[in-house]
>>> print(open('run-v2.csv').read())   # CSV, C-alpha atoms
chain,number,residue,atom,x,y,z
A,1,MET,CA,-26.0,10.8,-17.6
A,2,ALA,CA,-25.6,8.0,-15.0
A,3,HIS,CA,-23.3,6.1,-17.4
A,4,LEU,CA,-20.9,9.1,-17.3
A,5,MET,CA,-20.3,8.5,-13.6
A,6,GLU,CA,-19.5,4.8,-13.9
A,7,ASN,CA,-15.7,5.2,-14.0
A,8,PHE,CA,-15.6,7.6,-11.1
A,9,ALA,CA,-14.7,6.1,-7.7
A,10,ARG,CA,-16.7,6.9,-4.6
A,11,PRO,CA,-15.4,5.8,-1.2
A,12,GLU,CA,-17.3,2.8,0.2
A,13,LYS,CA,-15.2,2.6,3.4
A,14,THR,CA,-14.5,5.2,6.0
A,15,GLU,CA,-11.1,6.0,7.3
A,16,GLU,CA,-10.2,5.2,10.9
A,17,VAL,CA,-7.2,4.6,13.1
A,18,VAL,CA,-7.2,1.2,15.0
A,19,THR,CA,-4.6,-0.8,16.8
A,20,TYR,CA,-2.5,-3.4,15.2
A,21,GLY,CA,-3.7,-6.0,17.7
A,22,SER,CA,-7.3,-5.4,16.7
A,23,LEU,CA,-6.7,-6.3,13.1
A,24,ASP,CA,-7.6,-9.6,11.5
A,25,PRO,CA,-4.6,-12.0,11.4
A,26,ALA,CA,-4.6,-11.9,7.5
A,27,VAL,CA,-4.1,-8.1,7.7
A,28,GLN,CA,-1.4,-8.4,10.3
A,29,GLU,CA,0.3,-10.9,8.0
A,30,LEU,CA,0.2,-8.4,5.2
A,31,LEU,CA,1.6,-5.6,7.4
A,32,LEU,CA,4.4,-7.9,8.5
A,33,ALA,CA,5.3,-8.8,4.9
A,34,ALA,CA,5.5,-5.1,4.1
A,35,SER,CA,7.7,-4.6,7.1
A,36,GLU,CA,10.0,-7.4,6.1
A,37,VAL,CA,10.4,-6.3,2.5
A,38,ARG,CA,11.0,-2.7,3.7
A,39,GLN,CA,14.4,-3.8,5.0
A,40,ARG,CA,15.5,-4.5,1.4
A,41,ALA,CA,14.7,-1.0,0.1
A,42,TYR,CA,17.5,0.5,-2.0
A,43,VAL,CA,17.6,4.1,-0.7
A,44,PRO,CA,21.2,5.4,-0.9
A,45,TYR,CA,20.0,9.0,-1.5
A,46,SER,CA,17.1,9.6,0.8
A,47,GLY,CA,17.4,6.8,3.4
A,48,PHE,CA,13.6,6.7,3.4
A,49,LYS,CA,12.6,3.1,3.3
A,50,VAL,CA,9.1,2.0,2.3
A,51,GLY,CA,7.6,-1.5,2.2
A,52,SER,CA,4.4,-2.5,0.6
A,53,ALA,CA,2.3,-5.7,0.2
A,54,PHE,CA,-0.8,-6.5,-1.8
A,55,ARG,CA,-2.9,-9.7,-1.5
A,56,ALA,CA,-4.2,-11.2,-4.8
A,57,THR,CA,-8.0,-11.6,-4.9
A,58,ALA,CA,-8.1,-15.0,-6.6
A,59,THR,CA,-5.2,-16.8,-4.8
A,60,ASN,CA,-4.6,-14.9,-1.6
A,61,GLN,CA,-0.9,-14.8,-2.6
A,62,ILE,CA,1.0,-11.8,-1.1
A,63,PHE,CA,3.1,-9.7,-3.4
A,64,THR,CA,5.6,-7.4,-1.8
A,65,GLY,CA,7.7,-4.5,-2.9
A,66,CYS,CA,10.2,-1.9,-1.6
A,67,ASN,CA,11.2,1.4,-3.0
A,68,VAL,CA,14.2,1.5,-5.3
A,69,GLU,CA,16.0,4.8,-5.8
A,70,ASN,CA,18.2,6.0,-8.7
A,71,ALA,CA,20.6,8.9,-9.0
A,72,ALA,CA,18.4,10.4,-11.7
A,73,PHE,CA,15.4,10.3,-9.3
A,74,THR,CA,12.8,10.1,-12.2
A,75,PRO,CA,13.3,6.3,-12.7
A,76,CYS,CA,12.8,5.6,-9.0
A,77,SER,CA,10.2,3.0,-8.2
A,78,CYS,CA,8.0,3.3,-5.2
A,79,ALA,CA,7.2,0.3,-3.0
A,80,GLU,CA,3.6,0.1,-4.1
A,81,ARG,CA,4.4,0.1,-7.8
A,82,THR,CA,7.2,-2.4,-7.3
A,83,ALA,CA,4.8,-4.9,-5.5
A,84,LEU,CA,2.0,-4.4,-8.1
A,85,ALA,CA,4.4,-4.7,-11.1
A,86,LYS,CA,5.8,-7.9,-9.6
A,87,ALA,CA,2.3,-9.3,-9.4
A,88,VAL,CA,1.3,-8.2,-12.9
A,89,SER,CA,4.5,-9.8,-14.3
A,90,GLU,CA,3.2,-13.0,-12.8
A,91,GLY,CA,-0.3,-12.7,-14.3
A,92,VAL,CA,-2.1,-11.2,-11.3
A,93,THR,CA,-4.1,-8.0,-11.8
A,94,GLU,CA,-6.8,-8.1,-9.1
A,95,PHE,CA,-6.1,-7.4,-5.4
A,96,SER,CA,-8.3,-7.5,-2.3
A,97,VAL,CA,-6.2,-5.5,0.2
A,98,GLY,CA,-2.9,-3.5,0.4
A,99,ALA,CA,-0.5,-2.4,3.1
A,100,VAL,CA,2.2,0.3,3.3
A,101,LEU,CA,4.9,0.8,6.0
A,102,ALA,CA,7.3,3.7,6.3
A,103,TYR,CA,8.4,6.0,9.1
A,104,GLU,CA,7.6,9.6,9.6
A,105,PRO,CA,7.3,10.9,13.2
A,106,ASP,CA,3.7,11.6,14.2
A,107,ALA,CA,2.4,10.8,10.7
A,108,PHE,CA,1.2,8.0,8.5
A,109,THR,CA,3.0,7.8,5.1
A,110,THR,CA,0.3,7.2,2.5
A,111,PRO,CA,1.0,6.3,-1.1
A,112,CYS,CA,2.1,9.1,-3.4
A,113,GLY,CA,-0.2,10.4,-6.2
A,114,VAL,CA,1.3,8.2,-8.9
A,115,CYS,CA,1.1,5.1,-6.7
A,116,ARG,CA,-2.6,5.9,-5.9
A,117,GLN,CA,-3.4,6.0,-9.6
A,118,PHE,CA,-1.3,2.8,-10.1
A,119,ILE,CA,-3.2,1.0,-7.3
A,120,ARG,CA,-6.5,2.3,-8.7
A,121,GLU,CA,-5.8,0.7,-12.1
A,122,PHE,CA,-5.9,-2.7,-10.5
A,123,ALA,CA,-8.7,-2.1,-8.0
A,124,THR,CA,-12.0,-3.3,-9.4
A,125,SER,CA,-13.7,-2.2,-6.2
A,126,ASP,CA,-12.8,0.0,-3.2
A,127,ILE,CA,-10.0,-2.1,-1.6
A,128,PRO,CA,-8.8,-1.4,1.9
A,129,ILE,CA,-5.3,0.0,2.4
A,130,TYR,CA,-3.6,-0.3,5.8
A,131,ILE,CA,-0.9,2.2,6.7
A,132,ALA,CA,1.4,1.7,9.6
A,133,GLN,CA,4.6,3.2,11.0
A,134,ALA,CA,7.9,1.2,10.8
A,135,ILE,CA,10.1,1.8,13.8
A,136,ASP,CA,13.7,1.2,12.8
A,137,GLU,CA,14.9,1.0,16.4
A,138,ARG,CA,12.8,-2.1,16.9
A,139,ILE,CA,14.4,-3.7,13.8
A,140,ALA,CA,17.9,-2.8,15.0
A,141,ASN,CA,17.1,-4.3,18.4
A,142,LYS,CA,15.6,-7.5,16.8
A,143,GLU,CA,12.2,-6.8,18.3
A,144,GLU,CA,8.8,-7.5,16.8
A,145,PRO,CA,8.3,-4.8,14.1
A,146,LEU,CA,4.7,-4.1,15.0
A,147,ARG,CA,3.2,-4.2,18.5
A,148,SER,CA,-0.4,-4.8,19.6
A,149,ASP,CA,-1.0,-1.1,20.5
A,150,ASP,CA,0.6,0.4,17.4
A,151,PRO,CA,-1.8,2.7,15.5
A,152,VAL,CA,-2.8,1.6,11.9
A,153,LEU,CA,-4.6,3.9,9.5
A,154,CYS,CA,-7.4,1.9,7.8
A,155,THR,CA,-8.3,3.7,4.6
A,156,SER,CA,-9.1,2.6,1.0
A,157,ILE,CA,-8.1,3.4,-2.5
A,158,PHE,CA,-11.2,5.4,-3.1
A,159,ASN,CA,-10.6,7.5,0.0
A,160,LEU,CA,-7.0,8.1,-1.1
A,161,LEU,CA,-8.0,8.9,-4.7
A,162,PRO,CA,-11.7,10.0,-4.8
A,163,SER,CA,-13.4,10.6,-8.1
A,164,SER,CA,-10.7,8.8,-9.9
A,165,PHE,CA,-11.1,7.1,-13.2
A,166,ARG,CA,-10.0,3.5,-13.8
A,167,THR,CA,-10.0,2.7,-17.5
A,168,TYR,CA,-11.8,3.3,-20.7
A,169,ARG,CA,-11.8,-0.4,-21.5
A,170,LYS,CA,-14.8,-2.7,-21.0
>>> encode(input="run-v2.csv", output="structure tokens")
Amino acid sequence: MAHLMENFARPEKTEEVVTYGSLDPAVQELLLAASEVRQRAYVPYSGFKVGSAFRATATNQIFTGCNVENAAFTPCSCAERTALAKAVSEGVTEFSVGAVLAYEPDAFTTPCGVCRQFIREFATSDIPIYIAQAIDERIANKEEPLRSDDPVLCTSIFNLLPSSFRTYRK
């Protein structure tokens, strides 16, 4: 029976909200990369910009992506899937950490269900995911996009998608 549970994710990390200034510099770098790419989002229909960044396990290279909308909506690509597809197209399929930035007042914007499953496909373990708010007014005023006291949700792919399956391949 135990072998039946092997493909089901169980959270290894707890969720918590911390300040941006308390994060490791490598995580801050990832969040800043997501903030920068967010500015390139193609969102003529919703105006809702999202940026994402994932760090490759083997090389520490950061892959970024922004959301890309389409008039037909179905072919839209979320920021997380854009970043991961870019990495896969360059031969990278394992990641150690991810970050997502968007703006909703008084809320963190976590990956959608499709993106959660997409991230899970490439997570060989419970990777941390950092979620922060992007404040457009700061960008417009040419200020630092993230401040030391800004809240950041520290979660993980297994928390976002518990009891998920990864693959049926060995």
>>> residues_around(input="run-v2.csv", residues="Glu69 of chain A", least_positions_apart="5", cutoff="8 Å", atoms="all atoms listed in the file", output="NGL selection string")
:A and (42-45 or 75-77)
>>> atom_distance(input="run-v2.csv", atom1="atom CA of Leu146 of chain A", atom2="atom CA of Phe118 of chain A")
26.7 Å
>>> residues_around(input="run-v2.csv", residues="Asn159 of chain A", least_positions_apart="4", cutoff="8 Å", atoms="all atoms listed in the file", output="PyMOL selection string")
chain A and resi 10-11+13-15+155
>>> atom_distance(input="run-v2.csv", atom1="atom CA of Ser22 of chain A", atom2="atom CA of Glu143 of chain A")
19.6 Å
>>> atom_distance(input="run-v2.csv", atom1="atom CA of Thr64 of chain A", atom2="atom CA of Ala134 of chain A")
15.4 Å
>>> residues_around(input="run-v2.csv", residues="Val100 of chain A", least_positions_apart="6", cutoff="12 Å", atoms="only C-alpha atoms", output="JSON, numbers by chain")
{"A": [27, 28, 30, 31, 32, 33, 34, 35, 36, 37, 38, 49, 50, 51, 52, 53, 54, 64, 65, 66, 67, 78, 79, 80, 81, 83, 108, 109, 110, 111, 112, 115, 116, 119, 128, 129, 130, 131, 132, 133, 134, 152, 153, 154, 155, 156]}
>>> residues_near_point(input="run-v2.csv", point="(-6.2, -8.2, -7.2)", cutoff="10 Å", atoms="all atoms listed in the file", output="PyMOL selection string")
chain A and resi 54-61+84+87-88+92-98+119+122-125+127
>>> residues_around(input="run-v2.csv", residues="Pro145 of chain A", least_positions_apart="4", cutoff="7 Å", atoms="only C-alpha atoms", output="MDAnalysis selection string")
chainID A and resid 134:135 138:139
>>> closest_residue(input="run-v2.csv", among="A:Asn141, A:Asp150, A:Arg120, A:Ile62", to="Ala99 of chain A", atoms="all atoms listed in the file")
A:Ile62
>>> closest_residue(input="run-v2.csv", among="A:Leu161, A:Val114, A:Pro151, A:Gly47", to="Val18 of chain A", atoms="only C-alpha atoms")
A:Pro151
>>> build_atoms(input="run-v2.csv", residues="segment 79-90 of chain A", atoms="all heavy atoms", output="mmCIF file, in the frame of the given file")
data_model
loop_
_atom_site.group_PDB
_atom_site.id
_atom_site.type_symbol
_atom_site.label_atom_id
_atom_site.label_comp_id
_atom_site.auth_asym_id
_atom_site.auth_seq_id
_atom_site.Cartn_x
_atom_site.Cartn_y
_atom_site.Cartn_z
ATOM 1 N N ALA A 79 7.508 1.599 -3.493
ATOM 2 C CA ALA A 79 7.200 0.300 -3.000
ATOM 3 C C ALA A 79 5.915 -0.305 -3.546
ATOM 4 O O ALA A 79 5.838 -1.471 -3.938
ATOM 5 C CB ALA A 79 7.205 0.246 -1.471
ATOM 6 N N GLU A 80 4.886 0.531 -3.592
ATOM 7 C CA GLU A 80 3.600 0.100 -4.100
ATOM 8 C C GLU A 80 3.632 -0.359 -5.513
ATOM 9 O O GLU A 80 3.107 -1.404 -5.887
ATOM 10 C CB GLU A 80 2.531 1.185 -3.878
ATOM 11 C CG GLU A 80 2.364 1.659 -2.451
ATOM 12 C CD GLU A 80 3.311 2.784 -2.042
ATOM 13 O OE1 GLU A 80 4.392 2.932 -2.646
ATOM 14 O OE2 GLU A 80 2.956 3.523 -1.112
ATOM 15 N N ARG A 81 4.260 0.456 -6.352
ATOM 16 C CA ARG A 81 4.400 0.100 -7.800
ATOM 17 C C ARG A 81 5.248 -1.110 -7.980
ATOM 18 O O ARG A 81 4.985 -1.923 -8.865
ATOM 19 C CB ARG A 81 4.866 1.307 -8.578
ATOM 20 C CG ARG A 81 3.767 2.353 -8.753
ATOM 21 C CD ARG A 81 4.221 3.504 -9.625
ATOM 22 N NE ARG A 81 5.076 4.369 -8.826
ATOM 23 C CZ ARG A 81 6.099 5.062 -9.308
ATOM 24 N NH1 ARG A 81 6.422 4.986 -10.578
ATOM 25 N NH2 ARG A 81 6.806 5.840 -8.528
ATOM 26 N N THR A 82 6.293 -1.263 -7.166
ATOM 27 C CA THR A 82 7.200 -2.400 -7.300
ATOM 28 C C THR A 82 6.357 -3.705 -6.973
ATOM 29 O O THR A 82 6.435 -4.690 -7.708
ATOM 30 C CB THR A 82 8.359 -2.331 -6.311
ATOM 31 O OG1 THR A 82 9.115 -1.162 -6.640
ATOM 32 C CG2 THR A 82 9.244 -3.552 -6.392
ATOM 33 N N ALA A 83 5.564 -3.697 -5.901
ATOM 34 C CA ALA A 83 4.800 -4.900 -5.500
ATOM 35 C C ALA A 83 3.744 -5.207 -6.612
ATOM 36 O O ALA A 83 3.603 -6.373 -7.011
ATOM 37 C CB ALA A 83 4.050 -4.628 -4.196
ATOM 38 N N LEU A 84 3.048 -4.193 -7.104
ATOM 39 C CA LEU A 84 2.000 -4.400 -8.100
ATOM 40 C C LEU A 84 2.612 -4.867 -9.445
ATOM 41 O O LEU A 84 2.085 -5.764 -10.111
ATOM 42 C CB LEU A 84 1.126 -3.213 -8.269
ATOM 43 C CG LEU A 84 0.252 -2.897 -7.051
ATOM 44 C CD1 LEU A 84 -0.417 -1.540 -7.211
ATOM 45 C CD2 LEU A 84 -0.764 -3.987 -6.804
ATOM 46 N N ALA A 85 3.727 -4.259 -9.846
ATOM 47 C CA ALA A 85 4.400 -4.700 -11.100
ATOM 48 C C ALA A 85 4.875 -6.094 -11.017
ATOM 49 O O ALA A 85 4.785 -6.850 -11.993
ATOM 50 C CB ALA A 85 5.510 -3.701 -11.440
ATOM 51 N N LYS A 86 5.359 -6.473 -9.852
ATOM 52 C CA LYS A 86 5.800 -7.900 -9.600
ATOM 53 C C LYS A 86 4.614 -8.812 -9.826
ATOM 54 O O LYS A 86 4.721 -9.838 -10.492
ATOM 55 C CB LYS A 86 6.393 -7.979 -8.238
ATOM 56 C CG LYS A 86 7.026 -9.295 -7.920
ATOM 57 C CD LYS A 86 7.995 -9.137 -6.751
ATOM 58 C CE LYS A 86 7.563 -9.586 -5.448
ATOM 59 N NZ LYS A 86 8.502 -9.423 -4.364
ATOM 60 N N ALA A 87 3.482 -8.459 -9.268
ATOM 61 C CA ALA A 87 2.300 -9.300 -9.400
ATOM 62 C C ALA A 87 1.813 -9.365 -10.848
ATOM 63 O O ALA A 87 1.519 -10.447 -11.357
ATOM 64 C CB ALA A 87 1.160 -8.748 -8.512
ATOM 65 N N VAL A 88 1.770 -8.210 -11.516
ATOM 66 C CA VAL A 88 1.300 -8.200 -12.900
ATOM 67 C C VAL A 88 2.249 -9.036 -13.775
ATOM 68 O O VAL A 88 1.786 -9.764 -14.655
ATOM 69 C CB VAL A 88 1.241 -6.728 -13.430
ATOM 70 C CG1 VAL A 88 1.030 -6.692 -14.937
ATOM 71 C CG2 VAL A 88 0.111 -5.986 -12.711
ATOM 72 N N SER A 89 3.557 -8.992 -13.493
ATOM 73 C CA SER A 89 4.500 -9.800 -14.300
ATOM 74 C C SER A 89 4.285 -11.284 -14.079
ATOM 75 O O SER A 89 4.738 -12.090 -14.888
ATOM 76 C CB SER A 89 5.949 -9.423 -13.925
ATOM 77 O OG SER A 89 6.314 -9.946 -12.660
ATOM 78 N N GLU A 90 3.549 -11.645 -13.021
ATOM 79 C CA GLU A 90 3.200 -13.000 -12.800
ATOM 80 C C GLU A 90 1.764 -13.360 -13.103
ATOM 81 O O GLU A 90 1.239 -14.403 -12.722
ATOM 82 C CB GLU A 90 3.551 -13.395 -11.315
ATOM 83 C CG GLU A 90 5.047 -13.296 -11.042
ATOM 84 C CD GLU A 90 5.436 -13.670 -9.630
ATOM 85 O OE1 GLU A 90 4.708 -14.491 -9.013
ATOM 86 O OE2 GLU A 90 6.461 -13.167 -9.155
#
